[in-house]
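Remarks on the structure that follows.
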Amino acid sequence: EKICVLGLGYIGLPTAAMFASNGFDIIGVDVNEKVVNALNKGEIIIEEPYLDVMVRDVVVSGKLKASVKPEVSDVYIIAVPTPINEDKTADMSYVISATRSIVPLVKKGDIIILESTSPPKTVEDIIVPILKESSLNVEEDLYIAHSPERVIPGKILFELVENNRIVGGIDEESALKVKKLYQSFVKGEIYTTNATTAEMCKLTENTFRDVNIALANELAMICEQMNINVWDVIKFSNKHPRVNLHQPGPGVGGHCIAVDPWFIVEKFPETAKMITLSRTINDSMPEYVFNKSRKILGTLKDKKVTILGITYKPDVDDMRESPIIELIELLEEVSGITISIHDPYVQDFKYLEKDIYTACKDSDLVILGVNHKLFSDANMDRIYKDMKQANILDTRNFFDEKALVGIGFNYNLLGKGK
Ligand code: SAJ
C-alpha cells in the first residue's frame with residue numbers, strides 16, 4: 001500500500017517515518033523545498049529524539065521519499081499546520097489547499113485521514129465538500145476519517161506507538177478501515193466514533209489542560225495574597241484520590257494548548273465561557289510575572305534582568321507561543337533595562353549568552369522561565385557571587401529554596417507570598 005503524507009512537520013514526518021518502517025511505501029509532501037531536499041538526503045530539520053535515525057533508515061531503504069507534490073496513492077494523511085489567526089480563529093488554508101491538491105488523484109477505495117487539529121465539523125464542512133469536487137461519489141467511494149495526533153513533543157516516537165488513538169469516520173466503515181491501518185504500528189487502544197466527536201475529543205483534551213492550568217494559576221495568585229505556598233496546596237490536594245491539579249507557571253505556550261481551546265470558542269463564543277476565561281487567565285501570566293519582578297526590585301529601570309529558559313516548556317528547543325517571549329517584550333519596554341538570556345536549547349535569539357555565568361553576571365534579578373533539567377548543573381554559588389543583587393524569581397518551583405537561601409539568595413517563588 002502506498003501512503004501520501006501531506007505536511008512533514010512535527011506530526012507528519014514522524015508518522016510518515018513510522019508507517020515507512022512498518023513496510024508501507026511513503027511519499028511525504030511538503031510545500032517547503034528545504035524540508036523536501038533535506039529529507040531526500042535522509043536529513044531532518046526539526047529536533048526530536050531518535051527521529052533522525054529512523055528517518056535516515058527509511059530513506060536509505062527507499063521506503064520514504066519526499067516531494068513538493070502529492071502522488072497517486074491508496075491512503076492520504078493530512079498533517080498540515082492549523083495555525084491561529086489574529087482574531088483567534090483557525091487558519092484552515094493549509095488544510096484546504098492540501099485537500100484540494102489530492103482531488104485530482106483520489107480514486108475509488110482510497111482512504112483520506114485528517115490528523116491536523118481542527119475546529120469541530122472540519123471533516124464534514126471542509127474535507128468532504130472539497131473531495132466532492134472530484135468525479136467520485138465521495139460517501140460511497142472514499143473512506144474518510146479524522147484521527148487526531150496526540151503525541152507530546154520530546155516523546156513523539158514513543159507516544160505514536162504507545163498512546164491510545166481515536167478514529168472518527170464519516171461512517172463506520174471509514175472508521176474501521178482507518179483503525180486497521182493505524183494498528184500496523186499503534187500498540188495503544190484505537191477507539192472508533194464519528195468525525196465530529198473525534199475532532200471535539202482532541203480539542204477537549206487540550207482544553208482540559210488549559211482550564212486546569214488556569215485554575216492552578218488563579219490559585220497561585222490567591223495563595224500569594226494569603227502568604228502561603230500554592231505548590232504545597234497543589235501537592236497536598238493532589239494526595240486526594242480524585243483530585244489532579246496541574247502546575248501554575250508563567251503562562252501556557254506551545255502550538256496546542258494555547259491554541260486549541262480557541263477552536264471551540266470560535267464556533268460557540270456565547271457558550272464557551274469557562275474556556276474563554278481560562279485562556280484569558282493563562283495569557284495574563286507573563287504580565288503577572290513582569291509585575292512580580294518589578295515588585296522584587298522596586299523598579300526595573302536601569303536594572304539588569306537575566307532570564308533562564310525561554311522555550312515553551314522544559315528540555316525542548318521549541319519557542320512557539322512561549323510565554324517567556326511575551327515576558328521579554330514587556331521587559332523591553334522598561335527604560336534603561338539590560339536583558340540577558342541563557343537557554344541551552346536555543347541557538348539564535350536576541351540577548352542570548354552561551355554561558356549561564358556570563359548571562360547572570362552583574363544581574364539584579366534572575367528569572368527562571370523554563371525548568372530545563374540542565375539548569376540543575378549550574379553552580380549557584382558562582383552565580384550568587386557574580387550577581388549585583390542576588391534576587392531570584394522562580395516561576396516553576398524548580399530550585400531548592402532552602403539551598404538558595406542558604407547561599408544567600410533572595411529567593412522568590414511564583415505562587416508563594418513572602
Ligand atoms: N504547563 C503548565 N502547567 C502544567 C502543564 C503545562 O503551565 O501543569 C504549560 C507548559 O509549561 C507549556 C504548556 O503548558 O508552556 C503546554 O505544555 P504541555 O507539555 O502540557 O503540552 P504540549 O502543548 O507540548 O502538548 C499537548 C499535549 N496534550 C495533552 O497532554 C492533553 C499533547 O498530548 C498533544 O498532542 C499536543 O498538545 C498537541 O499536539 O495538541
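Convention: chains lettered A, B, ... in C-alpha cells order; per-chain residue numbering from 1; ligands numbered from 1 as shown.
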Which residues, written as an MDAnalysis selection string, have at least one atom at most 6 Å from Met285 in chain A, with only C-alpha atoms counted and residues fewer than 3 positions away on the same chain left out? chainID A and resid 250:251 282 288
Limited to C-alpha atoms, could you put the picked residues into a file as a short mmCIF file (atom, residue, chain, number, x, y, z; two decimals), in the first residue's frame?
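Saved file part.cif follows:
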data_model
loop_
_atom_site.label_atom_id
_atom_site.label_comp_id
_atom_site.auth_asym_id
_atom_site.auth_seq_id
_atom_site.Cartn_x
_atom_site.Cartn_y
_atom_site.Cartn_z
CA PRO A 250 4.46 31.94 33.65
CA GLY A 251 1.75 31.10 31.12
CA ASN A 282 -3.24 31.93 31.25
CA TYR A 288 1.81 38.89 36.29
#
Ligand 1: which residues are within 9 Å, counting only C-alpha atoms and all ligand atoms? Reply as a PyMOL selection string. chain A and resi 10-11+116-117+148-154+156+159+202-210+212-214+216-217+245-260+282+311-314+321-323+370-371+396
Writing out the chosen residues with C-alpha atoms as a PDB file, in the first residue's frame:
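The new file result-v4.pdb reads:
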ATOM      1  CA  TYR A  10       6.306  17.586  13.955  1.00  0.00           C
ATOM      2  CA  ILE A  11       3.425  15.192  13.273  1.00  0.00           C
ATOM      3  CA  SER A 116      -4.344  18.158  11.899  1.00  0.00           C
ATOM      4  CA  THR A 117      -6.058  19.564  14.968  1.00  0.00           C
ATOM      5  CA  PRO A 148      -6.135  13.450  15.743  1.00  0.00           C
ATOM      6  CA  GLU A 149      -2.496  13.291  16.686  1.00  0.00           C
ATOM      7  CA  ARG A 150      -1.999  13.287  20.455  1.00  0.00           C
ATOM      8  CA  VAL A 151       1.766  12.985  20.802  1.00  0.00           C
ATOM      9  CA  ILE A 152       3.816  15.219  23.034  1.00  0.00           C
ATOM     10  CA  PRO A 153       6.931  16.880  21.554  1.00  0.00           C
ATOM     11  CA  GLY A 154      10.053  15.298  23.020  1.00  0.00           C
ATOM     12  CA  ILE A 156       6.746  11.709  19.815  1.00  0.00           C
ATOM     13  CA  GLU A 159       3.763   8.162  22.132  1.00  0.00           C
ATOM     14  CA  LYS A 202      -8.800  16.336  20.559  1.00  0.00           C
ATOM     15  CA  LEU A 203      -9.842  19.880  21.414  1.00  0.00           C
ATOM     16  CA  THR A 204     -11.311  18.766  24.728  1.00  0.00           C
ATOM     17  CA  GLU A 205      -8.080  17.090  25.834  1.00  0.00           C
ATOM     18  CA  ASN A 206      -6.043  20.237  25.398  1.00  0.00           C
ATOM     19  CA  THR A 207      -8.820  22.429  26.773  1.00  0.00           C
ATOM     20  CA  PHE A 208      -8.925  20.262  29.883  1.00  0.00           C
ATOM     21  CA  ARG A 209      -5.271  21.027  30.477  1.00  0.00           C
ATOM     22  CA  ASP A 210      -5.692  24.700  29.753  1.00  0.00           C
ATOM     23  CA  ASN A 212      -6.816  23.092  34.807  1.00  0.00           C
ATOM     24  CA  ILE A 213      -3.631  25.182  34.430  1.00  0.00           C
ATOM     25  CA  ALA A 214      -5.730  28.369  34.594  1.00  0.00           C
ATOM     26  CA  ALA A 216      -3.639  26.482  39.174  1.00  0.00           C
ATOM     27  CA  ASN A 217      -2.561  29.965  38.063  1.00  0.00           C
ATOM     28  CA  LEU A 245      -4.500  19.837  39.792  1.00  0.00           C
ATOM     29  CA  HIS A 246      -1.937  20.968  37.227  1.00  0.00           C
ATOM     30  CA  GLN A 247       1.011  23.273  37.862  1.00  0.00           C
ATOM     31  CA  PRO A 248       0.988  27.064  37.751  1.00  0.00           C
ATOM     32  CA  GLY A 249       3.627  28.880  35.737  1.00  0.00           C
ATOM     33  CA  PRO A 250       4.458  31.943  33.651  1.00  0.00           C
ATOM     34  CA  GLY A 251       1.747  31.098  31.123  1.00  0.00           C
ATOM     35  CA  VAL A 252       0.860  28.424  28.634  1.00  0.00           C
ATOM     36  CA  GLY A 253       2.873  28.098  25.454  1.00  0.00           C
ATOM     37  CA  GLY A 254       3.175  25.772  22.529  1.00  0.00           C
ATOM     38  CA  HIS A 255       1.080  25.497  19.439  1.00  0.00           C
ATOM     39  CA  CYS A 256      -1.553  23.247  21.017  1.00  0.00           C
ATOM     40  CA  ILE A 257      -2.812  24.035  24.473  1.00  0.00           C
ATOM     41  CA  ALA A 258      -2.642  27.807  23.984  1.00  0.00           C
ATOM     42  CA  VAL A 259      -4.402  27.492  20.637  1.00  0.00           C
ATOM     43  CA  ASP A 260      -6.863  24.611  20.532  1.00  0.00           C
ATOM     44  CA  ASN A 282      -3.239  31.930  31.248  1.00  0.00           C
ATOM     45  CA  THR A 311      11.298  27.787  25.222  1.00  0.00           C
ATOM     46  CA  TYR A 312       7.646  26.972  25.765  1.00  0.00           C
ATOM     47  CA  LYS A 313       8.428  24.046  28.019  1.00  0.00           C
ATOM     48  CA  PRO A 314      11.412  22.216  29.519  1.00  0.00           C
ATOM     49  CA  GLU A 321       3.903  30.810  21.645  1.00  0.00           C
ATOM     50  CA  SER A 322       6.331  30.747  24.564  1.00  0.00           C
ATOM     51  CA  PRO A 323       5.003  32.953  27.363  1.00  0.00           C
ATOM     52  CA  VAL A 370      11.633  27.264  31.975  1.00  0.00           C
ATOM     53  CA  ASN A 371      12.750  24.366  34.118  1.00  0.00           C
ATOM     54  CA  ARG A 396       8.376  26.828  38.043  1.00  0.00           C
TER      55      ARG A 396
END
Identify all residues of range 4-252 of chain A in strand (DSSP E) (DSSP on the backbone) and supply them as an MDAnalysis selection string. chainID A and resid 4:6 25:29 64:67 75:78 111:114 143:146 165:169 190:194
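You will find CA of Leu308 in chain A at 14.0 Å from CA of Ser293 in chain A.
CA of Lys180 in chain A to CA of Met92 in chain A spans 27.8 Å [interatomic distance, one decimal].
Using only C-alpha atoms, the nearest neighbour of Pro83 in chain A within the list A:Ser134, A:Asn227, A:Ser61, A:Ser118 is A:Ser118.
All residues of protein, DNA or RNA that reach within 8 Å of Asp386 in chain A, judged by only C-alpha atoms and not counting those fewer than 6 positions away in the chain, are Tyr357, Cys360, Lys361, Asp362 and Ser363 of chain A.
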From range 59-279 of chain A, collect each residue whose DSSP state is alpha helix (DSSP H) and return the set as a PyMOL selection string. chain A and resi 59-60+93-102+122+128-131+138-141+156-162+172-182+195-226+230-237+260-267+273-279
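CA of Tyr50 in chain A is found 28.7 Å from CA of Ala145 in chain A.
Shell of Lys303 in chain A at 9 Å, with only C-alpha atoms counted and residues fewer than 2 places along the chain excluded, is Leu297, Thr299, Leu300, Lys301, Val305, Gly336, Ile337, Thr338, Ile339, Ser363, Asp364 and Leu365 of chain A.
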